[in-house]
Each structure stands twice: as structure tokens, then as C-alpha cells.
$ cat my_file-v3.cif   # mmCIF, C-alpha atoms
data_protein
#
loop_
_atom_site.label_atom_id
_atom_site.label_comp_id
_atom_site.auth_asym_id
_atom_site.auth_seq_id
_atom_site.Cartn_x
_atom_site.Cartn_y
_atom_site.Cartn_z
CA MET A 1 37.09 -72.39 75.70
CA GLU A 2 35.88 -70.49 78.70
CA ASN A 3 32.37 -71.31 77.55
CA ALA A 4 33.23 -75.01 77.33
CA GLY A 5 34.42 -74.95 80.96
CA LEU A 6 31.32 -73.08 82.03
CA VAL A 7 29.07 -75.57 80.27
CA GLU A 8 30.87 -78.54 81.78
CA GLY A 9 30.58 -77.04 85.26
CA LEU A 10 26.91 -76.27 84.72
CA ALA A 11 26.30 -79.74 83.29
CA ALA A 12 27.93 -81.44 86.30
CA ASP A 13 25.91 -79.28 88.67
CA ILE A 14 22.70 -79.97 86.77
CA ALA A 15 23.43 -83.72 86.76
CA LYS A 16 23.92 -83.70 90.55
CA ARG A 17 20.72 -81.72 91.06
CA LEU A 18 18.78 -84.08 88.79
CA ARG A 19 20.08 -87.10 90.72
CA ARG A 20 19.00 -85.57 94.00
CA SER A 21 15.69 -84.29 92.74
CA LYS A 22 14.68 -87.81 91.71
CA THR A 23 14.40 -88.86 95.34
CA PRO A 24 11.16 -87.59 96.81
CA VAL A 25 11.52 -86.64 100.47
CA PRO A 26 8.45 -87.11 102.70
CA ILE A 27 7.50 -84.01 104.66
CA GLY A 28 6.89 -84.18 108.41
CA VAL A 29 5.13 -81.13 109.81
CA SER A 30 6.08 -80.40 113.41
CA ASN A 31 3.40 -78.73 115.44
CA ARG A 32 4.57 -76.86 118.52
CA HIS A 33 6.00 -79.34 121.01
CA ALA A 34 8.25 -79.72 124.01
CA HIS A 35 11.18 -81.84 125.04
CA ILE A 36 11.81 -81.57 128.77
CA THR A 37 14.15 -82.81 131.44
CA ALA A 38 13.10 -85.43 133.99
CA GLU A 39 13.36 -82.72 136.69
CA HIS A 40 11.02 -80.35 134.87
CA PHE A 41 8.61 -83.23 134.20
CA GLU A 42 8.45 -83.92 137.92
CA ALA A 43 7.89 -80.23 138.67
CA LEU A 44 4.99 -80.05 136.22
CA PHE A 45 3.38 -83.47 136.68
CA GLY A 46 4.28 -84.37 140.27
CA LYS A 47 6.83 -86.45 142.13
CA GLY A 48 6.76 -90.05 140.97
CA ALA A 49 4.71 -89.31 137.84
CA ALA A 50 5.71 -91.33 134.76
CA ILE A 51 5.71 -90.16 131.15
CA THR A 52 3.06 -91.99 129.10
CA LYS A 53 3.51 -92.88 125.46
CA LEU A 54 0.64 -91.78 123.19
CA ARG A 55 2.19 -92.91 119.89
CA ASP A 56 5.54 -93.47 118.23
CA LEU A 57 6.92 -90.77 115.95
CA THR A 58 8.53 -91.38 112.57
CA GLN A 59 12.00 -90.86 114.02
CA PRO A 60 12.98 -94.11 115.78
CA GLY A 61 12.78 -94.02 119.60
CA GLN A 62 10.91 -90.72 119.71
CA PHE A 63 7.32 -90.64 120.87
CA ALA A 64 4.46 -88.26 121.53
CA ALA A 65 3.42 -88.38 125.18
CA ASP A 66 -0.06 -88.11 126.62
CA GLU A 67 1.10 -85.21 128.75
CA ARG A 68 0.60 -81.60 127.74
CA PHE A 69 1.25 -78.34 129.57
CA ASP A 70 0.91 -74.59 129.12
CA VAL A 71 3.59 -72.17 127.99
CA GLN A 72 3.36 -68.55 129.15
CA GLY A 73 5.18 -65.63 127.54
CA PRO A 74 5.09 -61.90 128.34
CA LYS A 75 2.16 -61.23 125.97
CA GLY A 76 0.14 -64.42 125.91
CA ALA A 77 -0.04 -68.13 126.62
CA ILE A 78 -0.37 -71.29 124.58
CA LYS A 79 -2.32 -74.04 126.25
CA GLY A 80 -1.76 -77.75 125.90
CA VAL A 81 1.67 -77.92 124.28
CA ARG A 82 2.40 -81.56 123.50
CA LEU A 83 5.26 -83.27 125.31
CA LEU A 84 7.54 -85.57 123.32
CA GLY A 85 9.65 -88.30 124.87
CA PRO A 86 12.10 -89.51 125.93
CA PHE A 87 13.42 -86.92 128.40
CA ARG A 88 16.33 -84.74 127.32
CA PRO A 89 19.29 -83.20 129.14
CA LYS A 90 17.85 -79.71 128.46
CA THR A 91 14.27 -78.50 128.21
CA GLN A 92 13.52 -77.27 124.71
CA ILE A 93 10.21 -75.87 123.48
CA GLU A 94 9.74 -75.53 119.74
CA VAL A 95 7.05 -73.18 118.45
CA SER A 96 6.16 -71.49 115.19
CA ARG A 97 6.88 -67.79 114.70
CA THR A 98 3.10 -67.30 114.69
CA ASP A 99 3.08 -68.81 118.19
CA ALA A 100 6.09 -66.73 119.26
CA LEU A 101 4.38 -63.48 118.25
CA ALA A 102 1.32 -64.54 120.29
CA LEU A 103 3.56 -65.30 123.29
CA GLY A 104 5.34 -61.97 122.81
CA VAL A 105 8.85 -63.39 122.43
CA GLN A 106 11.40 -63.44 119.64
CA PRO A 107 13.10 -66.82 119.84
CA PRO A 108 16.05 -67.49 117.54
CA VAL A 109 16.02 -69.95 114.65
CA ARG A 110 18.09 -72.82 116.02
CA GLU A 111 18.98 -76.41 115.55
CA SER A 112 17.80 -78.80 118.21
CA GLY A 113 19.94 -78.65 121.37
CA ASP A 114 21.46 -75.23 120.59
CA LEU A 115 19.71 -73.16 123.25
CA GLY A 116 22.14 -70.43 124.31
CA GLY A 117 20.36 -67.07 124.23
CA SER A 118 17.00 -68.59 123.35
CA ALA A 119 13.84 -67.04 124.78
CA PRO A 120 12.76 -67.44 128.44
CA LEU A 121 9.30 -68.67 129.41
CA ARG A 122 7.13 -70.19 132.12
CA LEU A 123 5.77 -73.72 131.90
CA THR A 124 2.70 -74.72 133.88
CA GLY A 125 1.45 -78.27 134.37
CA PRO A 126 -1.23 -79.79 136.57
CA CYS A 127 1.14 -80.05 139.58
CA GLY A 128 3.30 -76.97 139.32
CA SER A 129 5.13 -74.40 137.32
CA VAL A 130 8.75 -73.75 136.32
CA GLU A 131 10.60 -70.77 134.87
CA VAL A 132 12.93 -71.71 132.05
CA ARG A 133 15.60 -69.10 131.36
CA GLU A 134 16.59 -70.46 127.99
CA GLY A 135 14.67 -73.02 126.00
CA LEU A 136 12.30 -71.55 123.43
CA ILE A 137 13.36 -71.80 119.80
CA LEU A 138 12.04 -71.70 116.27
CA ALA A 139 13.27 -74.97 114.80
CA ARG A 140 15.67 -74.61 111.94
CA ARG A 141 14.23 -76.45 108.97
CA HIS A 142 16.12 -79.69 108.51
CA LEU A 143 16.26 -82.89 106.56
CA HIS A 144 16.80 -86.13 108.44
CA CYS A 145 18.34 -89.10 106.69
CA THR A 146 20.18 -92.34 107.30
CA PRO A 147 23.79 -92.79 106.19
CA ALA A 148 22.54 -95.13 103.43
CA ALA A 149 20.06 -92.54 102.11
CA ALA A 150 22.71 -89.82 102.37
CA ALA A 151 25.13 -91.87 100.27
CA ALA A 152 22.47 -92.71 97.70
CA ILE A 153 21.25 -89.12 97.29
CA GLY A 154 24.67 -87.50 97.65
CA LEU A 155 24.20 -85.62 100.92
CA SER A 156 26.52 -85.10 103.86
CA ASN A 157 25.86 -84.31 107.50
CA GLY A 158 25.66 -80.54 108.10
CA GLU A 159 25.27 -79.71 104.43
CA ILE A 160 22.84 -76.89 103.60
CA VAL A 161 20.38 -77.66 100.82
CA ARG A 162 17.39 -76.07 99.13
CA VAL A 163 14.15 -78.04 99.15
CA SER A 164 11.11 -77.44 96.96
CA ALA A 165 7.62 -78.13 98.30
CA GLY A 166 4.04 -77.40 97.36
CA ARG A 167 4.44 -77.15 93.60
CA GLY A 168 1.12 -77.27 91.78
CA GLY A 169 -0.91 -76.04 94.75
CA GLY A 170 -0.53 -72.31 94.08
CA ARG A 171 2.05 -71.91 96.84
CA GLY A 172 5.21 -73.50 95.49
CA THR A 173 8.01 -72.69 97.93
CA VAL A 174 11.74 -73.32 97.98
CA PHE A 175 13.10 -73.64 101.49
CA GLU A 176 16.71 -72.53 101.56
CA ASP A 177 18.92 -72.91 104.65
CA THR A 178 17.76 -76.49 105.17
CA VAL A 179 20.37 -78.36 107.18
CA VAL A 180 21.01 -82.06 106.54
CA ARG A 181 21.24 -84.31 109.59
CA VAL A 182 22.58 -87.80 108.98
CA SER A 183 22.18 -90.51 111.62
CA GLU A 184 21.32 -94.19 111.85
CA LYS A 185 18.50 -93.06 114.12
CA PHE A 186 16.85 -90.89 111.45
CA SER A 187 14.48 -91.89 108.69
CA LEU A 188 14.37 -89.76 105.53
CA GLU A 189 12.11 -86.79 106.26
CA LEU A 190 12.00 -83.03 105.76
CA HIS A 191 10.95 -81.35 108.99
CA LEU A 192 9.01 -78.11 108.62
CA ASP A 193 7.10 -76.19 111.25
CA THR A 194 3.46 -75.22 110.80
CA ASP A 195 4.25 -71.75 109.40
CA GLU A 196 6.52 -73.26 106.79
CA ALA A 197 4.05 -76.01 105.90
CA ASN A 198 1.15 -73.56 105.69
CA ALA A 199 3.16 -71.11 103.59
CA ALA A 200 3.73 -73.90 101.06
CA GLY A 201 0.26 -75.43 101.48
CA VAL A 202 1.64 -78.84 102.42
CA LYS A 203 0.94 -81.41 105.12
CA THR A 204 2.69 -84.42 106.65
CA GLY A 205 3.26 -87.12 104.06
CA ASP A 206 3.41 -84.76 101.08
CA LEU A 207 6.61 -84.98 99.07
CA ALA A 208 9.39 -82.45 98.70
CA HIS A 209 12.42 -82.42 96.39
CA ILE A 210 15.96 -81.20 96.89
CA VAL A 211 16.62 -78.64 94.16
CA MET B 1 27.53 -75.01 68.49
CA GLU B 2 24.73 -76.38 70.55
CA ASN B 3 26.73 -75.38 73.59
CA ALA B 4 27.13 -71.86 72.25
CA GLY B 5 23.36 -71.58 71.85
CA LEU B 6 22.83 -72.93 75.36
CA VAL B 7 25.30 -70.45 76.81
CA GLU B 8 23.72 -67.54 74.95
CA GLY B 9 20.28 -68.55 76.16
CA LEU B 10 21.52 -68.94 79.71
CA ALA B 11 23.40 -65.64 79.52
CA ALA B 12 20.28 -63.77 78.33
CA ASP B 13 18.21 -65.34 81.08
CA ILE B 14 20.84 -64.55 83.70
CA ALA B 15 21.08 -60.94 82.46
CA LYS B 16 17.29 -60.52 82.79
CA ARG B 17 17.31 -62.03 86.26
CA LEU B 18 20.18 -59.82 87.35
CA ARG B 19 18.34 -56.71 86.08
CA ARG B 20 15.27 -57.66 88.03
CA SER B 21 17.09 -58.74 91.15
CA LYS B 22 18.70 -55.30 91.44
CA THR B 23 15.36 -53.76 92.37
CA PRO B 24 14.56 -54.48 95.99
CA VAL B 25 10.83 -54.99 96.57
CA PRO B 26 9.44 -53.92 99.96
CA ILE B 27 7.45 -56.63 101.72
CA GLY B 28 3.99 -55.91 103.10
CA VAL B 29 2.73 -58.57 105.52
CA SER B 30 -1.05 -58.92 105.48
CA ASN B 31 -2.54 -60.03 108.74
CA ARG B 32 -5.99 -61.61 108.53
CA HIS B 33 -8.48 -58.99 107.37
CA ALA B 34 -11.87 -58.45 105.82
CA HIS B 35 -13.35 -56.53 102.94
CA ILE B 36 -17.13 -56.37 103.20
CA THR B 37 -20.14 -55.06 101.36
CA ALA B 38 -22.09 -52.04 102.60
CA GLU B 39 -25.02 -54.39 103.30
CA HIS B 40 -22.96 -56.71 105.47
CA PHE B 41 -21.45 -53.72 107.28
CA GLU B 42 -24.94 -52.54 108.17
CA ALA B 43 -25.90 -56.03 109.36
CA LEU B 44 -22.86 -56.21 111.64
CA PHE B 45 -22.58 -52.62 112.85
CA GLY B 46 -26.16 -51.36 112.66
CA LYS B 47 -28.35 -49.34 110.35
CA GLY B 48 -26.84 -45.92 109.68
CA ALA B 49 -23.40 -46.85 111.05
CA ALA B 50 -20.46 -45.36 109.16
CA ILE B 51 -17.09 -46.97 108.51
CA THR B 52 -14.29 -45.17 110.37
CA LYS B 53 -10.77 -44.81 109.02
CA LEU B 54 -8.02 -45.89 111.43
CA ARG B 55 -5.09 -45.37 109.06
CA ASP B 56 -4.21 -45.37 105.38
CA LEU B 57 -2.62 -48.48 103.89
CA THR B 58 0.33 -48.47 101.51
CA GLN B 59 -1.93 -49.14 98.52
CA PRO B 60 -3.53 -45.79 97.55
CA GLY B 61 -7.18 -45.38 98.60
CA GLN B 62 -7.20 -48.43 100.86
CA PHE B 63 -7.49 -48.00 104.61
CA ALA B 64 -7.71 -49.97 107.83
CA ALA B 65 -10.98 -49.26 109.62
CA ASP B 66 -11.57 -48.99 113.35
CA GLU B 67 -14.20 -51.70 113.06
CA ARG B 68 -13.48 -55.33 113.79
CA PHE B 69 -15.73 -58.36 113.99
CA ASP B 70 -15.61 -62.09 114.72
CA VAL B 71 -15.39 -64.89 112.18
CA GLN B 72 -16.83 -68.29 113.14
CA GLY B 73 -16.03 -71.57 111.40
CA PRO B 74 -17.17 -75.13 112.14
CA LYS B 75 -14.25 -75.80 114.53
CA GLY B 76 -13.37 -72.44 116.06
CA ALA B 77 -13.63 -68.68 115.91
CA ILE B 78 -11.25 -65.80 115.37
CA LYS B 79 -12.12 -62.68 117.26
CA GLY B 80 -11.54 -59.12 116.15
CA VAL B 81 -10.77 -59.52 112.47
CA ARG B 82 -9.80 -56.11 111.10
CA LEU B 83 -12.07 -54.49 108.53
CA LEU B 84 -10.45 -52.70 105.59
CA GLY B 85 -12.15 -50.02 103.54
CA PRO B 86 -13.62 -48.95 101.24
CA PHE B 87 -16.60 -51.30 100.84
CA ARG B 88 -16.46 -53.91 98.08
CA PRO B 89 -19.07 -55.51 95.83
CA LYS B 90 -18.45 -58.88 97.53
CA THR B 91 -17.48 -59.74 101.09
CA GLN B 92 -14.04 -61.32 101.20
CA ILE B 93 -12.22 -62.53 104.30
CA GLU B 94 -8.52 -63.29 103.97
CA VAL B 95 -6.88 -65.49 106.59
CA SER B 96 -3.70 -67.48 106.95
CA ARG B 97 -3.78 -71.27 106.63
CA THR B 98 -2.93 -71.37 110.35
CA ASP B 99 -6.16 -69.43 110.95
CA ALA B 100 -8.11 -71.64 108.55
CA LEU B 101 -7.06 -74.80 110.40
CA ALA B 102 -8.20 -73.19 113.66
CA LEU B 103 -11.55 -72.28 112.06
CA GLY B 104 -11.87 -75.80 110.67
CA VAL B 105 -12.16 -74.81 107.00
CA GLN B 106 -10.06 -75.40 103.91
CA PRO B 107 -10.30 -72.21 101.88
CA PRO B 108 -8.70 -72.15 98.43
CA VAL B 109 -5.65 -70.08 97.50
CA ARG B 110 -7.16 -67.29 95.43
CA GLU B 111 -6.56 -63.90 94.00
CA SER B 112 -8.61 -61.08 95.41
CA GLY B 113 -12.18 -61.06 94.07
CA ASP B 114 -12.13 -64.69 92.87
CA LEU B 115 -14.49 -66.21 95.42
CA GLY B 116 -16.40 -69.02 93.67
CA GLY B 117 -16.23 -72.17 95.81
CA SER B 118 -14.43 -70.42 98.67
CA ALA B 119 -15.24 -71.43 102.24
CA PRO B 120 -18.47 -70.44 104.04
CA LEU B 121 -18.46 -68.75 107.44
CA ARG B 122 -20.43 -66.69 109.94
CA LEU B 123 -19.52 -63.08 110.74
CA THR B 124 -20.60 -61.53 114.01
CA GLY B 125 -20.42 -57.84 114.86
CA PRO B 126 -21.77 -55.77 117.76
CA CYS B 127 -25.20 -55.38 116.12
CA GLY B 128 -25.77 -58.68 114.38
CA SER B 129 -24.55 -61.65 112.49
CA VAL B 130 -24.50 -62.79 108.84
CA GLU B 131 -23.85 -66.11 107.13
CA VAL B 132 -21.56 -65.79 104.12
CA ARG B 133 -21.79 -68.74 101.75
CA GLU B 134 -18.62 -67.93 99.86
CA GLY B 135 -16.00 -65.47 100.93
CA LEU B 136 -13.09 -67.00 102.83
CA ILE B 137 -9.81 -67.32 100.97
CA LEU B 138 -6.09 -67.75 101.48
CA ALA B 139 -4.64 -64.84 99.54
CA ARG B 140 -2.48 -65.80 96.64
CA ARG B 141 0.93 -64.22 97.13
CA HIS B 142 1.27 -61.27 94.80
CA LEU B 143 3.45 -58.39 93.83
CA HIS B 144 1.83 -55.01 93.29
CA CYS B 145 3.48 -52.47 91.05
CA THR B 146 2.80 -49.39 88.99
CA PRO B 147 3.08 -49.45 85.18
CA ALA B 148 6.28 -47.37 85.49
CA ALA B 149 7.86 -49.83 87.92
CA ALA B 150 6.72 -52.76 85.77
CA ALA B 151 8.38 -51.25 82.72
CA ALA B 152 11.59 -50.50 84.63
CA ILE B 153 11.89 -53.98 86.16
CA GLY B 154 10.57 -55.87 83.14
CA LEU B 155 7.32 -57.23 84.55
CA SER B 156 3.88 -57.60 83.00
CA ASN B 157 0.44 -57.86 84.57
CA GLY B 158 -0.47 -61.46 85.38
CA GLU B 159 3.08 -62.73 85.06
CA ILE B 160 4.16 -65.35 87.57
CA VAL B 161 7.50 -64.70 89.25
CA ARG B 162 9.67 -66.18 91.98
CA VAL B 163 10.61 -63.90 94.85
CA SER B 164 13.37 -64.48 97.39
CA ALA B 165 12.96 -63.25 100.96
CA GLY B 166 14.64 -63.75 104.32
CA ARG B 167 18.17 -64.52 103.14
CA GLY B 168 20.70 -64.30 105.93
CA GLY B 169 18.18 -64.91 108.70
CA GLY B 170 18.35 -68.71 108.67
CA ARG B 171 15.05 -69.02 106.83
CA GLY B 172 15.78 -67.96 103.28
CA THR B 173 12.68 -68.71 101.21
CA VAL B 174 11.82 -68.47 97.54
CA PHE B 175 8.15 -67.83 96.94
CA GLU B 176 7.10 -69.29 93.61
CA ASP B 177 3.65 -68.75 92.10
CA THR B 178 3.79 -65.03 92.89
CA VAL B 179 1.42 -63.20 90.56
CA VAL B 180 2.27 -59.70 89.33
CA ARG B 181 -0.49 -57.11 89.50
CA VAL B 182 0.15 -53.86 87.62
CA SER B 183 -2.02 -50.82 88.25
CA GLU B 184 -1.68 -47.07 88.65
CA LYS B 185 -3.34 -47.62 92.01
CA PHE B 186 -0.59 -49.94 93.29
CA SER B 187 2.74 -49.06 94.85
CA LEU B 188 5.61 -51.56 94.54
CA GLU B 189 5.11 -54.15 97.26
CA LEU B 190 5.24 -57.92 97.74
CA HIS B 191 2.19 -59.03 99.68
CA LEU B 192 2.66 -62.09 101.90
CA ASP B 193 0.37 -63.45 104.57
CA THR B 194 1.56 -64.10 108.12
CA ASP B 195 2.37 -67.79 107.50
CA GLU B 196 4.52 -66.86 104.53
CA ALA B 197 6.24 -64.01 106.36
CA ASN B 198 6.87 -66.17 109.43
CA ALA B 199 8.17 -69.05 107.34
CA ALA B 200 10.77 -66.69 105.87
CA GLY B 201 11.34 -64.77 109.13
CA VAL B 202 10.46 -61.42 107.56
CA LYS B 203 8.29 -58.45 108.49
CA THR B 204 6.69 -55.48 106.76
CA GLY B 205 9.36 -53.21 105.28
CA ASP B 206 11.96 -55.94 104.79
CA LEU B 207 13.17 -56.29 101.23
CA ALA B 208 12.62 -59.14 98.78
CA HIS B 209 14.13 -59.77 95.36
CA ILE B 210 12.70 -61.27 92.19
CA VAL B 211 14.92 -64.21 91.27
#
$ encode --input "my_file-v3.cif" --output "C-alpha cells"
Amino acid sequence: MENAGLVEGLAADIAKRLRRSKTPVPIGVSNRHAHITAEHFEALFGKGAAITKLRDLTQPGQFAADERFDVQGPKGAIKGVRLLGPFRPKTQIEVSRTDALALGVQPPVRESGDLGGSAPLRLTGPCGSVEVREGLILARRHLHCTPAAAAAIGLSNGEIVRVSAGRGGGRGTVFEDTVVRVSEKFSLELHLDTDEANAAGVKTGDLAHIV
Amino acid sequence: MENAGLVEGLAADIAKRLRRSKTPVPIGVSNRHAHITAEHFEALFGKGAAITKLRDLTQPGQFAADERFDVQGPKGAIKGVRLLGPFRPKTQIEVSRTDALALGVQPPVRESGDLGGSAPLRLTGPCGSVEVREGLILARRHLHCTPAAAAAIGLSNGEIVRVSAGRGGGRGTVFEDTVVRVSEKFSLELHLDTDEANAAGVKTGDLAHIV
């Protein structure tokens, strides 16, 4: 009888996992990038300068800008970090842990916007430089989806899932601790940084599966 | 009755996994490095030059050398790649996929010594330069262990296992496709490259578990 209950529980769990795993999730690999405030933009690119759109990103309303600037840490610098638009209320630089080790900082793994206690750094653009006390993070791996996709797959906002990527390429990897973010503004996409993508041997557009 | 068989099968599998997962496996993070032939060493460091030991590595008989040299690919170069000793019958450079993208090459994921079709590159030392037609690989993640450890944990040479690392740090990661290498010359250690270690947020000496 105990076994029957165990089997039923396992069967229900397996059925849910199978349902989810049937929906392939496109991977979006995030290279290092920056979101900055209008004030910091002016400090780096000059008074009256305007942000210039290079191309739209997959997530609606977000775009890569033409502008790039340098990030300096205590050990080293990274040149030409890409700016994304639109401006944000807080400046937030997202790098890989490989980058962080080169900069000489140990930023925390954080969700976007959660910057308390994140690593300090100096930003330098063509027209000036600013010190940012908090603002450098390693992005927490996350899965964006619309409310409709969330309902179809059986996901809820804030839920933590495990996502499998890279199977068949010699570097199959299961990413635990992947947080689900549900919003009308999001299209279905698993966001990994370059370390995560390289560890699994995947690139933007490859497919992952919730497991 | 079918359920009883399923439960017994699952129970046996779970028991095996639990046995294995009780043995923590120390992680060794491999930064980019090179194994070279005596001939290539002479070409890079000069006729009559001797390899100099900097420090012993965890794996018995292996050592990091004082010598470093540059690796050049079609897109970029990496300076100061660390040489490991002793010399090998074939020159083999192991880099991360982050490094490979910077070099502009797409090396295969390979086990040590399996170099057919691997990426070409130029090596430059203080006394000269050599072209290597094959020799650049992304190391296949692997778990070294002694025959005694293999018997205790229930592992066999060549077996493919899944290893969990980084739990609790926000980047829990399960590394599939991890090949087991059993030899008297090996101490128990999970070898990851820097992309893999950074993806999981781990460093040398942290513990992983076979799952």
C-alpha cells in the first residue's frame, strides 16, 4: 500500500515532468552587458548625448545600443562593454564569472535589479568616468515566459526549475536554480551567461528542456 | 505486480546512487594549459633548454612548469599559457570555450590524447614559433580515481556519470557526460575547466557528488 502511494506520487511527478519537457525552450546567451541610468549615460557620453539603437533584443522593448564603455576593476579592465537600452533606475553591469576574475572582483549571483552588496567598479566612456559603488552582478540564470506559456507548460512566477541543455554534444548540463520570470513583456527564453553556455557547449537559438 | 517490479528497480537504483553520493569528490579546476613534445619545447625555448618544475599537481608525477608561451589563433591570441610536465608524445593545448571563441577556433570536446581533427594553432615562445596542425581541444569533463576508490564507490573505467556541483551557491549544476578514468596514477578528483567551474560557481577544493 505504501508502494502504491509511492508509485502514484512518482507517476504524477513523472507526468508533470514529461509535459514540461515536451516544450523546447530557446536559449539566449547573454554576453557581458550594461544597463545604466540616464545620469550615468550623460557622464560617460556627454551632456545632451542620445542613446542609439543598434538592434532590438528578443525581449520586447529591450535593445542593444551602439554605445559601449570600459569597466575597470581592481585587477583588470574589460573594454567595450555593450550598453543595452532603455535606461534603468539603477546602473547594473552583468558579467560572467570569467570576466569577474579578470576584473578582480567577486560579484554575487543576483536577479536583475537586486544590487545591494554587489561589487563596486569604475566605468569609463569617451566623455568621462563614474565610480559605481554597487552595480556589478553575475546574472542568476532565469527563464522568461509569457503568462500564456507559463499556463501551458505549468510554470509559475518565481518558481525554481532545472533545465537541461547541450545533450548530445559531449557537455550535457543540467542548470539547477533557474528562476522562472513570467511577464507579458517576456518571450519564452532561457537566459544563460557565456560561462554557462560554454560549459554546456550551446549557443543562442539552441534548445533546452525543463527536466 | 508491475508496480512492485518498478519499485524494486527504482529502489535498487536509488540505493546505488545514495552509496555513490555519500563520497564527496574534490573538484580540480583546470585553467588553460599545454602539454608539449620535447621537440616543440626545444623550438619554443631553445636548444638545450630544460623544463623547470614550478610545483607538483594533484595527479602523481604531473607538474606545472615555470615555462609559459603564447597561443595564436585566427582571431586572437592568448598570452602566457602554462606548460605542464612531463613531455608528451603529442602536443596538446587545452583551453576553455571562452578562450576558443577569443582565439577564433572551434576545437572539439575531447579526452586527453584524442587529437584527430582538433583545431590548428601557432605557439610562440621566447626562442621561436611552431605551427601545430592538430592539438587544441576543449577537455572532456572527467573524474579521476584510483582502482581502490573505484571499487569503493562502484565506478568502472570509461563509465559515464553525472556529477552535481555548486549546490547552495545559486548556481547548482549537474555535469552529465563525465567520463570516469581509473588508474593507479590518479587521485580522486573531478576535473572541470574554467567555464564549467564558473558556470557552477565552484573552485578547486570544493566538493562534488556523483548523482
$ residues_around --input "my_file-v3.cif" --residues "range 53-58 of chain A" --least-positions-apart "5" --cutoff "9 Å" --atoms "only C-alpha atoms" --output "list in words"
Gly28, Phe63, Ala64, Ala65, Asp66, Glu67, Leu84, Gly85, Phe186, Ser187 and Glu189 of chain A
$ resolve_selection --input "my_file-v3.cif" --expression "the PyMOL selection byres ((chain B and resi 78-81) around 6)" --output "list in words"
His33, Arg68, Phe69, Asp70, Val71, Ala77 and Arg82 of chain B
$ atom_distance --input "my_file-v3.cif" --atom1 "CA of Ala197 in chain B" --atom2 "CA of Thr124 in chain B"
28.0 Å
$ atom_distance --input "my_file-v3.cif" --atom1 "CA of Asp195 in chain A" --atom2 "CA of Ser96 in chain A"
6.1 Å
$ resolve_selection --input "my_file-v3.cif" --expression "the PyMOL selection byres ((chain B) within 7 of (chain A))" --output "ChimeraX atom specification"
/B:97-98,109,170-177,195-196,198-199
$ resolve_selection --input "my_file-v3.cif" --expression "the PyMOL selection byres ((chain B and resi 135) around 7)" --output "list in words"
Thr91, Gln92, Ile93, Leu115, Ser118, Ala119, Pro120, Val132, Arg133, Glu134, Leu136 and Ile137 of chain B
$ atom_distance --input "my_file-v3.cif" --atom1 "CA of Leu143 in chain B" --atom2 "CA of Val161 in chain A"
26.6 Å
$ residues_around --input "my_file-v3.cif" --residues "Lys22 in chain B" --least-positions-apart "3" --cutoff "10 Å" --atoms "only C-alpha atoms" --output "mmCIF file with C-alpha atoms, in the coordinates of the input"
data_model
loop_
_atom_site.group_PDB
_atom_site.id
_atom_site.type_symbol
_atom_site.label_atom_id
_atom_site.label_comp_id
_atom_site.auth_asym_id
_atom_site.auth_seq_id
_atom_site.Cartn_x
_atom_site.Cartn_y
_atom_site.Cartn_z
ATOM 1 C CA ARG B 17 17.310 -62.030 86.260
ATOM 2 C CA LEU B 18 20.180 -59.820 87.350
ATOM 3 C CA ARG B 19 18.340 -56.710 86.080
ATOM 4 C CA VAL B 25 10.830 -54.990 96.570
ATOM 5 C CA ILE B 153 11.890 -53.980 86.160
ATOM 6 C CA HIS B 209 14.130 -59.770 95.360
ATOM 7 C CA ILE B 210 12.700 -61.270 92.190
ATOM 8 C CA VAL B 211 14.920 -64.210 91.270
#
$ closest_residue --input "my_file-v3.cif" --among "A:Gly117, A:Gly205, A:Gly61, A:Gly73" --to "Phe87 in chain A" --atoms "all atoms listed in the file"
A:Gly61
$ closest_residue --input "my_file-v3.cif" --among "B:Leu103, B:Lys90, B:Ile51, B:Leu44" --to "Gly116 in chain B" --atoms "all atoms listed in the file"
B:Lys90
$ decode --input "my_file-v3.cif" --residues "range 132-144 of chain B" --atoms "N, CA and C atoms" --output "short mmCIF file (atom, residue, chain, number, x, y, z; two decimals), in the first residue's frame"
data_model
loop_
_atom_site.label_atom_id
_atom_site.label_comp_id
_atom_site.auth_asym_id
_atom_site.auth_seq_id
_atom_site.Cartn_x
_atom_site.Cartn_y
_atom_site.Cartn_z
N VAL B 132 51.12 24.10 -35.12
CA VAL B 132 50.64 22.78 -34.75
C VAL B 132 49.34 22.54 -35.52
N ARG B 133 49.34 21.51 -36.36
CA ARG B 133 48.18 21.28 -37.21
C ARG B 133 46.98 20.79 -36.42
N GLU B 134 47.23 19.89 -35.50
CA GLU B 134 46.18 19.38 -34.62
C GLU B 134 46.71 19.50 -33.21
N GLY B 135 45.87 19.85 -32.27
CA GLY B 135 46.39 19.89 -30.91
C GLY B 135 45.59 20.71 -29.93
N LEU B 136 44.57 21.43 -30.41
CA LEU B 136 43.79 22.26 -29.49
C LEU B 136 42.46 21.58 -29.20
N ILE B 137 42.19 21.36 -27.94
CA ILE B 137 40.93 20.72 -27.56
C ILE B 137 40.26 21.45 -26.38
N LEU B 138 38.96 21.23 -26.27
CA LEU B 138 38.24 21.50 -25.03
C LEU B 138 38.26 20.17 -24.28
N ALA B 139 38.75 20.19 -23.05
CA ALA B 139 38.86 18.92 -22.32
C ALA B 139 37.48 18.40 -21.97
N ARG B 140 37.30 17.12 -22.22
CA ARG B 140 36.07 16.50 -21.78
C ARG B 140 36.11 16.39 -20.26
N ARG B 141 35.03 16.79 -19.61
CA ARG B 141 34.99 16.71 -18.15
C ARG B 141 35.19 15.26 -17.72
N HIS B 142 35.99 15.06 -16.69
CA HIS B 142 36.31 13.69 -16.30
C HIS B 142 36.58 13.59 -14.81
N LEU B 143 36.45 12.38 -14.35
CA LEU B 143 36.64 12.09 -12.93
C LEU B 143 37.77 11.08 -12.83
N HIS B 144 38.85 11.49 -12.20
CA HIS B 144 39.99 10.60 -11.98
C HIS B 144 39.77 9.81 -10.69
#
